[in-house]
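The structure file query.json is reproduced below (JSON, C-alpha atoms).
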```json
[["chain", "number", "residue", "atom", "x", "y", "z"],
["L", 260, "MET", "CA", 105.89, 93.90, 42.69],
["L", 261, "ASN", "CA", 106.25, 94.86, 46.34],
["L", 262, "ILE", "CA", 106.72, 98.64, 46.79],
["L", 263, "GLY", "CA", 109.89, 98.09, 48.88],
["L", 264, "VAL", "CA", 111.42, 95.91, 46.18],
["L", 265, "GLN", "CA", 110.42, 98.44, 43.53],
["L", 266, "ILE", "CA", 112.03, 101.32, 45.45],
["L", 267, "PHE", "CA", 115.19, 99.27, 45.97],
["L", 268, "SER", "CA", 115.41, 98.28, 42.28],
["L", 269, "VAL", "CA", 114.80, 101.85, 41.07],
["L", 270, "THR", "CA", 117.45, 103.15, 43.48],
["L", 271, "ALA", "CA", 119.98, 100.50, 42.44],
["L", 272, "SER", "CA", 119.33, 101.14, 38.73],
["L", 273, "VAL", "CA", 119.67, 104.91, 39.09],
["L", 274, "LEU", "CA", 122.87, 104.49, 41.13],
["L", 275, "ALA", "CA", 124.30, 102.26, 38.41],
["L", 276, "LEU", "CA", 123.51, 104.90, 35.78],
["L", 277, "VAL", "CA", 125.03, 107.65, 37.93],
["L", 278, "LEU", "CA", 128.17, 105.54, 38.40],
["L", 279, "VAL", "CA", 128.53, 105.07, 34.64],
["L", 280, "PHE", "CA", 128.06, 108.80, 34.02],
["L", 281, "LEU", "CA", 130.60, 109.69, 36.72],
["L", 282, "MET", "CA", 133.12, 107.29, 35.23],
["L", 283, "LEU", "CA", 132.54, 108.83, 31.80],
["L", 284, "ARG", "CA", 132.95, 112.31, 33.18],
["L", 285, "ARG", "CA", 136.21, 111.43, 34.92],
["L", 286, "LYS", "CA", 137.47, 109.84, 31.70],
["L", 287, "SER", "CA", 138.02, 106.51, 33.47],
["L", 288, "PHE", "CA", 135.44, 104.93, 31.17],
["L", 289, "ARG", "CA", 135.28, 105.43, 27.41],
["L", 290, "GLU", "CA", 132.07, 106.13, 25.54],
["L", 291, "ARG", "CA", 132.23, 102.98, 23.46],
["L", 292, "HIS", "CA", 132.53, 100.88, 26.61],
["L", 293, "ALA", "CA", 129.72, 102.70, 28.36],
["L", 294, "VAL", "CA", 127.08, 102.16, 25.66],
["L", 295, "TRP", "CA", 126.04, 98.67, 26.77],
["L", 296, "TRP", "CA", 126.05, 99.66, 30.44],
["L", 297, "LEU", "CA", 123.92, 102.71, 29.72],
["L", 298, "ILE", "CA", 121.46, 100.56, 27.78],
["L", 299, "ALA", "CA", 121.33, 98.07, 30.65],
["L", 300, "GLY", "CA", 120.84, 100.83, 33.20],
["L", 301, "VAL", "CA", 118.04, 102.49, 31.26],
["L", 302, "CYS", "CA", 116.31, 99.12, 30.75],
["L", 303, "ALA", "CA", 116.67, 98.39, 34.46],
["L", 304, "VAL", "CA", 115.16, 101.76, 35.41],
["L", 305, "ILE", "CA", 112.24, 101.22, 33.01],
["L", 306, "ALA", "CA", 111.67, 97.67, 34.27],
["L", 307, "SER", "CA", 111.84, 98.93, 37.87],
["L", 308, "LEU", "CA", 109.44, 101.82, 37.36],
["L", 309, "PHE", "CA", 107.01, 99.83, 35.22],
["L", 310, "PRO", "CA", 107.09, 96.20, 36.40],
["L", 311, "ASP", "CA", 104.45, 95.20, 33.83],
["L", 312, "VAL", "CA", 106.75, 96.03, 30.89],
["L", 313, "PRO", "CA", 108.91, 92.88, 31.20],
["L", 314, "GLN", "CA", 105.77, 90.75, 31.53],
["L", 315, "PHE", "CA", 104.28, 92.41, 28.44],
["L", 316, "PHE", "CA", 107.37, 91.64, 26.35],
["L", 317, "ALA", "CA", 107.59, 88.12, 27.78],
["L", 318, "ASN", "CA", 103.97, 87.45, 26.79],
["L", 319, "ALA", "CA", 104.55, 88.97, 23.34],
["L", 320, "ILE", "CA", 107.53, 86.68, 22.73],
["L", 321, "GLY", "CA", 105.85, 83.66, 24.26],
["L", 322, "ILE", "CA", 107.93, 83.34, 27.41],
["L", 323, "ALA", "CA", 105.89, 82.26, 30.42],
["L", 324, "ASP", "CA", 107.80, 84.10, 33.13],
["L", 325, "ALA", "CA", 109.12, 87.67, 32.84],
["L", 326, "MET", "CA", 112.20, 86.79, 34.94],
["L", 327, "ASN", "CA", 113.27, 84.31, 32.26],
["L", 328, "LEU", "CA", 113.17, 87.15, 29.75],
["L", 329, "VAL", "CA", 115.16, 89.40, 32.10],
["L", 330, "PHE", "CA", 117.83, 86.71, 32.55],
["L", 331, "PHE", "CA", 117.96, 86.07, 28.81],
["L", 332, "VAL", "CA", 118.34, 89.77, 27.97],
["L", 333, "SER", "CA", 121.00, 90.11, 30.69],
["L", 334, "THR", "CA", 122.90, 87.16, 29.26],
["L", 335, "VAL", "CA", 122.72, 88.60, 25.73],
["L", 336, "LEU", "CA", 123.92, 91.97, 27.01],
["L", 337, "LEU", "CA", 126.88, 90.41, 28.82],
["L", 338, "PHE", "CA", 127.68, 88.35, 25.72],
["L", 339, "LEU", "CA", 127.76, 91.54, 23.61],
["L", 340, "VAL", "CA", 130.06, 93.22, 26.15],
["L", 341, "CYS", "CA", 132.39, 90.19, 26.02],
["L", 342, "VAL", "CA", 132.41, 90.24, 22.21],
["L", 343, "GLN", "CA", 133.22, 93.96, 22.21],
["L", 344, "PHE", "CA", 136.08, 93.47, 24.67],
["L", 345, "SER", "CA", 137.40, 90.49, 22.73],
["L", 346, "LEU", "CA", 137.48, 92.52, 19.52],
["L", 347, "GLU", "CA", 139.30, 95.36, 21.24],
["L", 348, "LEU", "CA", 141.73, 92.96, 22.92],
["L", 349, "THR", "CA", 142.56, 91.37, 19.58],
["L", 350, "SER", "CA", 143.14, 94.79, 18.05],
["L", 351, "LEU", "CA", 145.34, 95.88, 20.95],
["L", 352, "GLU", "CA", 147.39, 92.67, 20.78],
["L", 353, "ALA", "CA", 148.05, 93.32, 17.09],
["L", 354, "ARG", "CA", 149.09, 96.91, 17.87],
["L", 355, "VAL", "CA", 151.41, 95.81, 20.67],
["L", 356, "ARG", "CA", 153.02, 93.19, 18.42],
["L", 357, "ARG", "CA", 153.51, 95.76, 15.63],
["L", 358, "LEU", "CA", 154.96, 98.32, 18.06],
["L", 359, "ALA", "CA", 157.32, 95.71, 19.52],
["L", 360, "GLU", "CA", 158.52, 94.82, 16.04],
["L", 361, "GLU", "CA", 159.01, 98.49, 15.12],
["L", 362, "THR", "CA", 160.88, 99.09, 18.39],
["L", 363, "ALA", "CA", 163.16, 96.12, 17.71],
["L", 364, "LEU", "CA", 163.91, 97.46, 14.22],
["L", 365, "GLN", "CA", 164.63, 100.94, 15.63],
["L", 366, "ASP", "CA", 166.92, 99.45, 18.29],
["L", 367, "GLU", "CA", 168.82, 97.55, 15.63],
["L", 368, "ARG", "CA", 169.12, 100.69, 13.49],
["L", 369, "ILE", "CA", 170.40, 102.70, 16.48],
["L", 370, "ARG", "CA", 172.91, 99.96, 17.33],
["L", 371, "LEU", "CA", 174.22, 99.94, 13.75],
["L", 372, "LEU", "CA", 174.46, 103.75, 13.69],
["L", 373, "GLU", "CA", 176.29, 103.80, 17.03],
["L", 374, "THR", "CA", 178.67, 101.12, 15.80],
["L", 375, "ALA", "CA", 179.32, 103.10, 12.62],
["L", 376, "ALA", "CA", 179.74, 106.34, 14.60],
["L", 377, "GLY", "CA", 182.16, 104.60, 16.96],
["L", 378, "ALA", "CA", 184.23, 103.37, 14.02],
["L", 379, "ASP", "CA", 184.29, 106.89, 12.53],
["L", 380, "ALA", "CA", 185.30, 108.38, 15.90],
["L", 381, "GLY", "CA", 188.15, 105.87, 16.13],
["L", 382, "ASP", "CA", 189.41, 107.01, 12.69],
["L", 383, "ASP", "CA", 189.35, 110.66, 13.83],
["L", 384, "ARG", "CA", 191.39, 109.87, 16.95],
["L", 385, "ARG", "CA", 194.32, 108.56, 14.90],
["L", 386, "GLY", "CA", 195.36, 112.04, 13.93],
["L", 387, "ASP", "CA", 196.07, 113.67, 10.60],
["L", 388, "ASP", "CA", 198.33, 110.88, 9.37],
["L", 389, "GLY", "CA", 195.62, 108.73, 7.83],
["L", 390, "PRO", "CA", 193.46, 109.44, 4.82],
["L", 391, "ARG", "CA", 190.08, 110.97, 5.47],
["L", 392, "ALA", "CA", 186.89, 110.67, 3.54],
["L", 393, "GLY", "CA", 185.88, 114.05, 2.40]]
```

Is it possible to express this structure as structure tokens?
Amino acid sequence: MNIGVQIFSVTASVLALVLVFLMLRRKSFRERHAVWWLIAGVCAVIASLFPDVPQFFANAIGIADAMNLVFFVSTVLLFLVCVQFSLELTSLEARVRRLAEETALQDERIRLLETAAGADAGDDRRGDDGPRAG
């Protein structure tokens, strides 16, 4: 690997890791979401510092070109991120639906209580002539 390309890839990988850590520190990124990005960043730093590592693993698996292995691993990583987000989205949709249903039931209960309170207030306004529940 050309030394200029290696310096650029190490710098880009380290900046990506720093960005993930800063987002975690500022609480704009949750730990469970950062795991895959941290793994990708560490792998990118290792592959940038030691360019023979991807070729070693590619040869061990039987892949002719190390870049094919890098693209495959990147695709698998992105697939895992998508699966994680899909699972969380499904869970959040279920929570939103349940909360909407609970809110609708609470609104109905409040409406019934207000209607009953309004009817009781109307009985109190009639004066002492009518019978009262005691």

*Which residues come within 7 Å of stretch 300-304 of chain L, counting all atoms listed in the file, excluding same-chain residues fewer than 2 positions away, as a ChimeraX atom specification?*
/L:269,272-273,275-276,296-298,306-308

_Polymer residues at most 12 Å from L:Phe316, only C-alpha atoms, same-chain spacing of 5 or more positions, as a PyMOL selection string_ = chain L and resi 306+310-311+321-329+332

_Can you tell me which residues surround stretch 336-342 of chain L at a distance of at most 9 Å, considering all atoms listed in the file, apart from same-chain residues fewer than 3 positions away, and format the answer as a VMD selection string?_
chain L and resid 292 295 to 296 298 to 299 331 to 333 345 to 347

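Of the listed residues (L:Gln314, L:Gln365, L:Ser287, L:Thr349), L:Gln314 comes nearest to L:Met260; the distances count all atoms listed in the file.
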
_Please compute the atom CA of L:Phe309-atom CA of L:Gly263 distance, one decimal, in Å._
14.1 Å

*Two-atom distance - atom CA of L:Ile369, atom CA of L:Leu351 (Å)*: 26.4 Å

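If you look at atom CA of L:Arg354 and atom CA of L:Leu372, they are 26.6 Å away from each other.
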
Give, as JSON, the centre coordinates and the x, y and z edge lengths in Å to one decimal for an axis-aligned box around all listed atoms of stretch 271-290 of chain L, padded by 3 Å on each side.
```
{"center_x": 128.7, "center_y": 106.4, "center_z": 34.0, "size_x": 24.7, "size_y": 17.8, "size_z": 22.9}
```

*Find the residues around L:Leu283 up to 8 Å (all atoms listed in the file counted), leave out those fewer than 6 positions away in its own chain, and share them as a PyMOL selection string.*
chain L and resi 289-290+293

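With all atoms listed in the file as the basis for measurement, L:Ser268 is the residue among L:Ser268, L:Ala375, L:Gln343, L:Ala353 that approaches L:Ile305 most closely.
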